[in-house]
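Visitor: Have a look at the structure that comes next, please.
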Amino acid sequence: MHEWALADAVIEATSGALGGRDPACLRGVTVLLGELQAIDREIFTFALETLLQERPFRTAAYTLQTEPALFHCGSCGREWTLADSAGLEGDAREAIHFLPETAHAFVRCPSCGSPDYRVQAGRGVRIESLTVDAAGSCA
Amino acid sequence: MIDPRSSVVAARLAGIGRIAAFCSAKGGVGKTLCTALAGVVLSSRGKNVGILDLDLQGSTAHLFLGVRPRMPGEDKGILPLAVTERLVLMGAGVFAGNRALALRGHEVSDAILELLAVTRWGRLDALLIDLPPGIGEEVMDLARLVPRLEAFVISTPSAASTAVVERLLAFLSDLKVPVTGVIANMARGDAAPVRALASRFAARYAGEVPWEPSVEGALGSAERLGRTAAAAAMAAALKEAGW
């Protein structure tokens, strides 16, 4: 249920990004959920909806998109996906869920076995865009 | 693209009285020991204390305090692991255990930000942050993200340590992070160079923690650590520093 903490962060960041603009003008927010972190969409959505009740931009539509995880090996150049990462079960999956950087303790390049790689995409939760109605009254 | 996490860090730390980083640009001077001792001492005074182990690639605070790495509980965030009734711990070692966790700079920053954004400390009198050696992401990220951050600076009396720690003191000054105390660790009646270093930066010299071989036998138990002469010395240093 630490999805609540991240949903809270998305809402606070949305509020901050609006700056001085009328919160009622916020139409939509697109949130990327990195595949690596394996956020539970149901819990995350419920947390967003609950926390939004107290906000002036509660009518904005939140769209959740999964960003596939992509790894790049610094040793052999192989690129691979989360599905190619063997042995990620139990505590390893949970550790990565809580702290995605711990992937480096569990994942190795499927081609050469190197621990020297980058997570190129799909790490965690980010806001991709806000849609704000700039025309006329937002009431 | 907006990273939402930094927007909640201040709120996550709002219930904490004082926050101090235990740092030293030099490795092997006993930062983790000093952090653990300070946690044990303050909690024994009835304070509620958290320790955040940000030595991500060399986490050992859990080993010092006898905490078995395991998945934390959750309550709208992740909950630090209990060490004693009044002392809790969070850090990458909780998740990675004794596995090698090799991270590049931006990944260190990401991990720090994640831990600060999702850990629910609740109400604490003090949060003590154990930092790795060096002057890098950890120091800069904390200075930027953590409100009311103070620093305990640790050095041994050796010139090999004080020369490097001098750079850290200058860097902390540039970052406008107040130094709440300079501590001479592993001292054997020879702490004068550390005292002089503190004086050069107009920082409070909090005292010395003596070299004590018996500390090794106390590792893995907060209770045993609390009975060492090193703990008594840390208690005096904390008082001198106004903690």
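Naming scheme: A, B, ... for chains in displayed order of the structure tokens; residues 1 onward per chain; ligands 1 onward as shown.
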Counting only C-alpha atoms, what is within 8 Å of range 106-122 of chain A, bar same-chain residues fewer than 6 positions away, as a ChimeraX atom specification?

Guide: /A:33-37,66-76,78,80,84-86,88,92 /B:102

Visitor: Can I get the selected residues back with N, CA and C atoms, as a PDB file, in the first residue's frame?

Guide:
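Final output, again.pdb:
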ATOM      1  N   LEU A  33       3.464   4.964 -15.158  1.00  0.00           N
ATOM      2  CA  LEU A  33       3.831   3.998 -14.116  1.00  0.00           C
ATOM      3  C   LEU A  33       4.912   3.093 -14.690  1.00  0.00           C
ATOM      4  N   GLY A  34       6.109   3.248 -14.179  1.00  0.00           N
ATOM      5  CA  GLY A  34       7.205   2.420 -14.669  1.00  0.00           C
ATOM      6  C   GLY A  34       6.951   0.946 -14.369  1.00  0.00           C
ATOM      7  N   GLU A  35       7.123   0.131 -15.366  1.00  0.00           N
ATOM      8  CA  GLU A  35       6.844  -1.300 -15.212  1.00  0.00           C
ATOM      9  C   GLU A  35       7.709  -1.921 -14.123  1.00  0.00           C
ATOM     10  N   LEU A  36       8.947  -1.414 -13.985  1.00  0.00           N
ATOM     11  CA  LEU A  36       9.872  -2.011 -13.015  1.00  0.00           C
ATOM     12  C   LEU A  36       9.305  -1.948 -11.601  1.00  0.00           C
ATOM     13  N   GLN A  37       8.657  -0.838 -11.254  1.00  0.00           N
ATOM     14  CA  GLN A  37       8.177  -0.658  -9.881  1.00  0.00           C
ATOM     15  C   GLN A  37       6.907  -1.454  -9.597  1.00  0.00           C
ATOM     16  N   THR A  66       1.296   2.600 -18.560  1.00  0.00           N
ATOM     17  CA  THR A  66       2.467   1.818 -18.159  1.00  0.00           C
ATOM     18  C   THR A  66       3.621   2.098 -19.109  1.00  0.00           C
ATOM     19  N   GLU A  67       4.760   2.423 -18.518  1.00  0.00           N
ATOM     20  CA  GLU A  67       5.976   2.620 -19.317  1.00  0.00           C
ATOM     21  C   GLU A  67       6.812   1.338 -19.213  1.00  0.00           C
ATOM     22  N   PRO A  68       6.968   0.616 -20.296  1.00  0.00           N
ATOM     23  CA  PRO A  68       7.726  -0.642 -20.227  1.00  0.00           C
ATOM     24  C   PRO A  68       9.160  -0.411 -19.736  1.00  0.00           C
ATOM     25  N   ALA A  69       9.638  -1.348 -18.940  1.00  0.00           N
ATOM     26  CA  ALA A  69      11.020  -1.258 -18.452  1.00  0.00           C
ATOM     27  C   ALA A  69      11.972  -1.696 -19.551  1.00  0.00           C
ATOM     28  N   LEU A  70      13.074  -0.951 -19.671  1.00  0.00           N
ATOM     29  CA  LEU A  70      14.088  -1.286 -20.671  1.00  0.00           C
ATOM     30  C   LEU A  70      15.461  -1.133 -20.027  1.00  0.00           C
ATOM     31  N   PHE A  71      16.271  -2.168 -20.164  1.00  0.00           N
ATOM     32  CA  PHE A  71      17.613  -2.177 -19.579  1.00  0.00           C
ATOM     33  C   PHE A  71      18.641  -2.139 -20.715  1.00  0.00           C
ATOM     34  N   HIS A  72      19.779  -1.517 -20.430  1.00  0.00           N
ATOM     35  CA  HIS A  72      20.867  -1.489 -21.420  1.00  0.00           C
ATOM     36  C   HIS A  72      22.164  -1.885 -20.727  1.00  0.00           C
ATOM     37  N   CYS A  73      22.799  -2.926 -21.241  1.00  0.00           N
ATOM     38  CA  CYS A  73      24.028  -3.428 -20.628  1.00  0.00           C
ATOM     39  C   CYS A  73      25.227  -2.574 -21.040  1.00  0.00           C
ATOM     40  N   GLY A  74      25.966  -2.112 -20.054  1.00  0.00           N
ATOM     41  CA  GLY A  74      27.159  -1.323 -20.326  1.00  0.00           C
ATOM     42  C   GLY A  74      28.329  -2.163 -20.786  1.00  0.00           C
ATOM     43  N   SER A  75      28.251  -3.473 -20.555  1.00  0.00           N
ATOM     44  CA  SER A  75      29.370  -4.348 -20.928  1.00  0.00           C
ATOM     45  C   SER A  75      29.243  -4.874 -22.353  1.00  0.00           C
ATOM     46  N   CYS A  76      28.073  -5.407 -22.707  1.00  0.00           N
ATOM     47  CA  CYS A  76      27.944  -6.041 -24.028  1.00  0.00           C
ATOM     48  C   CYS A  76      26.973  -5.309 -24.945  1.00  0.00           C
ATOM     49  N   ARG A  78      23.709  -5.209 -24.835  1.00  0.00           N
ATOM     50  CA  ARG A  78      22.384  -5.829 -24.971  1.00  0.00           C
ATOM     51  C   ARG A  78      21.304  -4.939 -24.352  1.00  0.00           C
ATOM     52  N   TRP A  80      17.369  -5.195 -22.990  1.00  0.00           N
ATOM     53  CA  TRP A  80      16.392  -6.223 -22.668  1.00  0.00           C
ATOM     54  C   TRP A  80      15.236  -5.661 -21.852  1.00  0.00           C
ATOM     55  N   ASP A  84      12.504 -10.424 -19.879  1.00  0.00           N
ATOM     56  CA  ASP A  84      13.736 -11.187 -20.135  1.00  0.00           C
ATOM     57  C   ASP A  84      14.569 -11.388 -18.867  1.00  0.00           C
ATOM     58  N   SER A  85      14.182 -10.711 -17.777  1.00  0.00           N
ATOM     59  CA  SER A  85      14.969 -10.775 -16.537  1.00  0.00           C
ATOM     60  C   SER A  85      14.518 -11.975 -15.717  1.00  0.00           C
ATOM     61  N   ALA A  86      15.369 -12.954 -15.655  1.00  0.00           N
ATOM     62  CA  ALA A  86      14.996 -14.205 -14.990  1.00  0.00           C
ATOM     63  C   ALA A  86      15.123 -14.091 -13.470  1.00  0.00           C
ATOM     64  N   LEU A  88      13.158 -13.048 -11.044  1.00  0.00           N
ATOM     65  CA  LEU A  88      12.636 -11.950 -10.226  1.00  0.00           C
ATOM     66  C   LEU A  88      11.331 -12.376  -9.568  1.00  0.00           C
ATOM     67  N   ALA A  92      12.647 -10.360  -4.142  1.00  0.00           N
ATOM     68  CA  ALA A  92      13.313  -9.518  -5.150  1.00  0.00           C
ATOM     69  C   ALA A  92      12.303  -8.583  -5.797  1.00  0.00           C
TER      70      ALA A  92
ATOM     71  N   ALA B 102      25.399  -1.909  -6.834  1.00  0.00           N
ATOM     72  CA  ALA B 102      26.257  -0.940  -7.525  1.00  0.00           C
ATOM     73  C   ALA B 102      25.384   0.057  -8.275  1.00  0.00           C
TER      74      ALA B 102
END

Visitor: As a ChimeraX atom specification, please: every residue in chain A that a backbone DSSP assignment puts in strand (DSSP E).

Guide: /A:26-34,61-67,70-73,79-81,117-121,125-132

Visitor: Taking only C-alpha atoms into account, name the residue in B:Gln57, B:Asn48, B:Thr119, B:Ser109 that is nearest to Gly93 in chain B.

Guide: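 Selected residue with least distance to Gly93 in chain B: B:Gln57.
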
Visitor: Between CA of Leu127 in chain B and CA of Ala236 in chain B, what is the distance in Å, rounded to a tenth?

Guide: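 Pair CA of Leu127 in chain B / CA of Ala236 in chain B returns 18.7 Å.
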
Visitor: Pull out every residue of chain B sitting within 7 Å of chain A, counting only C-alpha atoms, and send them as a compact mmCIF listing (two decimals) with N, CA and C atoms, in the first residue's frame.

Guide:
# COMPACT_ATOMS: atom_id res chain seq x y z
N MET B 1 7.90 16.45 -18.42
CA MET B 1 7.92 15.31 -17.47
C MET B 1 8.22 15.84 -16.06
N ILE B 2 7.40 15.46 -15.13
CA ILE B 2 7.57 15.93 -13.74
C ILE B 2 7.83 14.73 -12.84
N ASP B 3 8.88 14.83 -12.04
CA ASP B 3 9.11 13.82 -11.01
C ASP B 3 8.35 14.27 -9.77
N PRO B 4 7.32 13.54 -9.38
CA PRO B 4 6.45 14.04 -8.30
C PRO B 4 7.03 13.89 -6.90
N ARG B 5 8.08 13.11 -6.75
CA ARG B 5 8.47 12.69 -5.40
C ARG B 5 8.97 13.82 -4.51
N SER B 7 8.01 16.65 -4.19
CA SER B 7 6.96 17.53 -3.68
C SER B 7 6.41 17.07 -2.33
N VAL B 8 6.76 15.86 -1.90
CA VAL B 8 6.21 15.39 -0.62
C VAL B 8 7.29 15.16 0.46
N MET B 71 11.38 -7.28 4.31
CA MET B 71 10.49 -6.30 3.70
C MET B 71 9.75 -5.54 4.80
N GLU B 74 3.70 -1.66 5.57
CA GLU B 74 3.20 -0.53 4.77
C GLU B 74 1.98 0.08 5.45
N ASP B 75 1.92 1.38 5.41
CA ASP B 75 0.73 2.11 5.83
C ASP B 75 0.75 3.45 5.11
N LYS B 76 0.21 3.45 3.93
CA LYS B 76 0.25 4.64 3.05
C LYS B 76 1.68 5.11 2.82
N GLY B 77 2.58 4.18 2.77
CA GLY B 77 4.00 4.42 2.60
C GLY B 77 4.71 3.20 3.18
N ILE B 78 6.02 3.24 3.27
CA ILE B 78 6.72 2.13 3.91
C ILE B 78 7.14 2.54 5.32
N PHE B 95 16.41 -3.78 1.99
CA PHE B 95 15.89 -4.47 0.80
C PHE B 95 16.94 -5.36 0.13
N ALA B 96 18.15 -4.87 0.06
CA ALA B 96 19.18 -5.59 -0.71
C ALA B 96 19.96 -6.57 0.15
N ARG B 99 23.63 -8.26 -0.63
CA ARG B 99 23.95 -8.30 -2.05
C ARG B 99 24.65 -7.01 -2.47
N ALA B 100 25.52 -7.12 -3.46
CA ALA B 100 26.17 -5.92 -4.00
C ALA B 100 25.12 -5.05 -4.69
N LEU B 101 25.13 -3.78 -4.36
CA LEU B 101 24.19 -2.84 -4.96
C LEU B 101 25.01 -1.71 -5.58
N ALA B 102 25.40 -1.91 -6.83
CA ALA B 102 26.26 -0.94 -7.53
C ALA B 102 25.38 0.06 -8.28
N GLU B 107 21.33 7.20 -10.14
CA GLU B 107 20.56 6.16 -9.46
C GLU B 107 20.63 6.34 -7.94
N ALA B 111 17.36 6.79 -5.64
CA ALA B 111 17.09 5.97 -4.47
C ALA B 111 16.88 6.83 -3.23
N GLU B 114 13.49 8.45 -3.51
CA GLU B 114 12.42 7.47 -3.29
C GLU B 114 12.24 7.19 -1.80
N VAL B 118 8.73 8.03 0.25
CA VAL B 118 7.75 6.97 0.59
C VAL B 118 7.87 6.47 2.03

Visitor: My list of candidates is B:Leu56, B:Leu124, B:Ala235, B:Ala21. Which is closest to Gly105 in chain B when distances are computed with only C-alpha atoms?

Guide: B:Leu56

Visitor: Using only C-alpha atoms for the distances, tell me which of B:Leu197, B:Ile129, B:Leu81, B:Met186 is nearest to Val215 in chain B.

Guide: B:Met186

Visitor: Run DSSP on the backbone and tell me which residues of range 17-139 of chain A come out as helix (DSSP H, G or I); list them as number ranges by chain.

Guide: A: 17-18, 23-25, 35-37, 41-52, 82-84, 90-98, 100-106

Visitor: At most 12 Å is the cut-off: for each residue in range 86-195 of chain B with any atom that close to an atom of range 219-225 of chain B, write down the nearest atom pair and the distance in Å rounded to one decimal, counting only C-alpha atoms, chain first then increasing number, as a Markdown table.

Guide:
| residue | atom | partner | partner_atom | distance |
| --- | --- | --- | --- | --- |
| B:Arg86 | CA | B:Ala222 | CA | 11.3 |
| B:Leu87 | CA | B:Ala222 | CA | 9.3 |
| B:Val88 | CA | B:Ala222 | CA | 11.2 |
| B:Leu89 | CA | B:Ala222 | CA | 11.9 |

Visitor: Store the residues of this selection in a file with N, CA and C atoms, as a compact mmCIF listing (two decimals), in the first residue's frame.

Guide:
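Saved result, out-v3.txt, follows:
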# COMPACT_ATOMS: atom_id res chain seq x y z
N ARG B 86 12.16 2.51 20.88
CA ARG B 86 12.20 3.92 20.49
C ARG B 86 13.16 4.20 19.35
N LEU B 87 13.64 3.18 18.69
CA LEU B 87 14.62 3.37 17.61
C LEU B 87 14.19 2.58 16.39
N VAL B 88 14.13 3.25 15.23
CA VAL B 88 13.72 2.59 13.98
C VAL B 88 14.77 2.84 12.90
N LEU B 89 14.72 2.02 11.85
CA LEU B 89 15.75 2.05 10.81
C LEU B 89 15.14 1.88 9.43
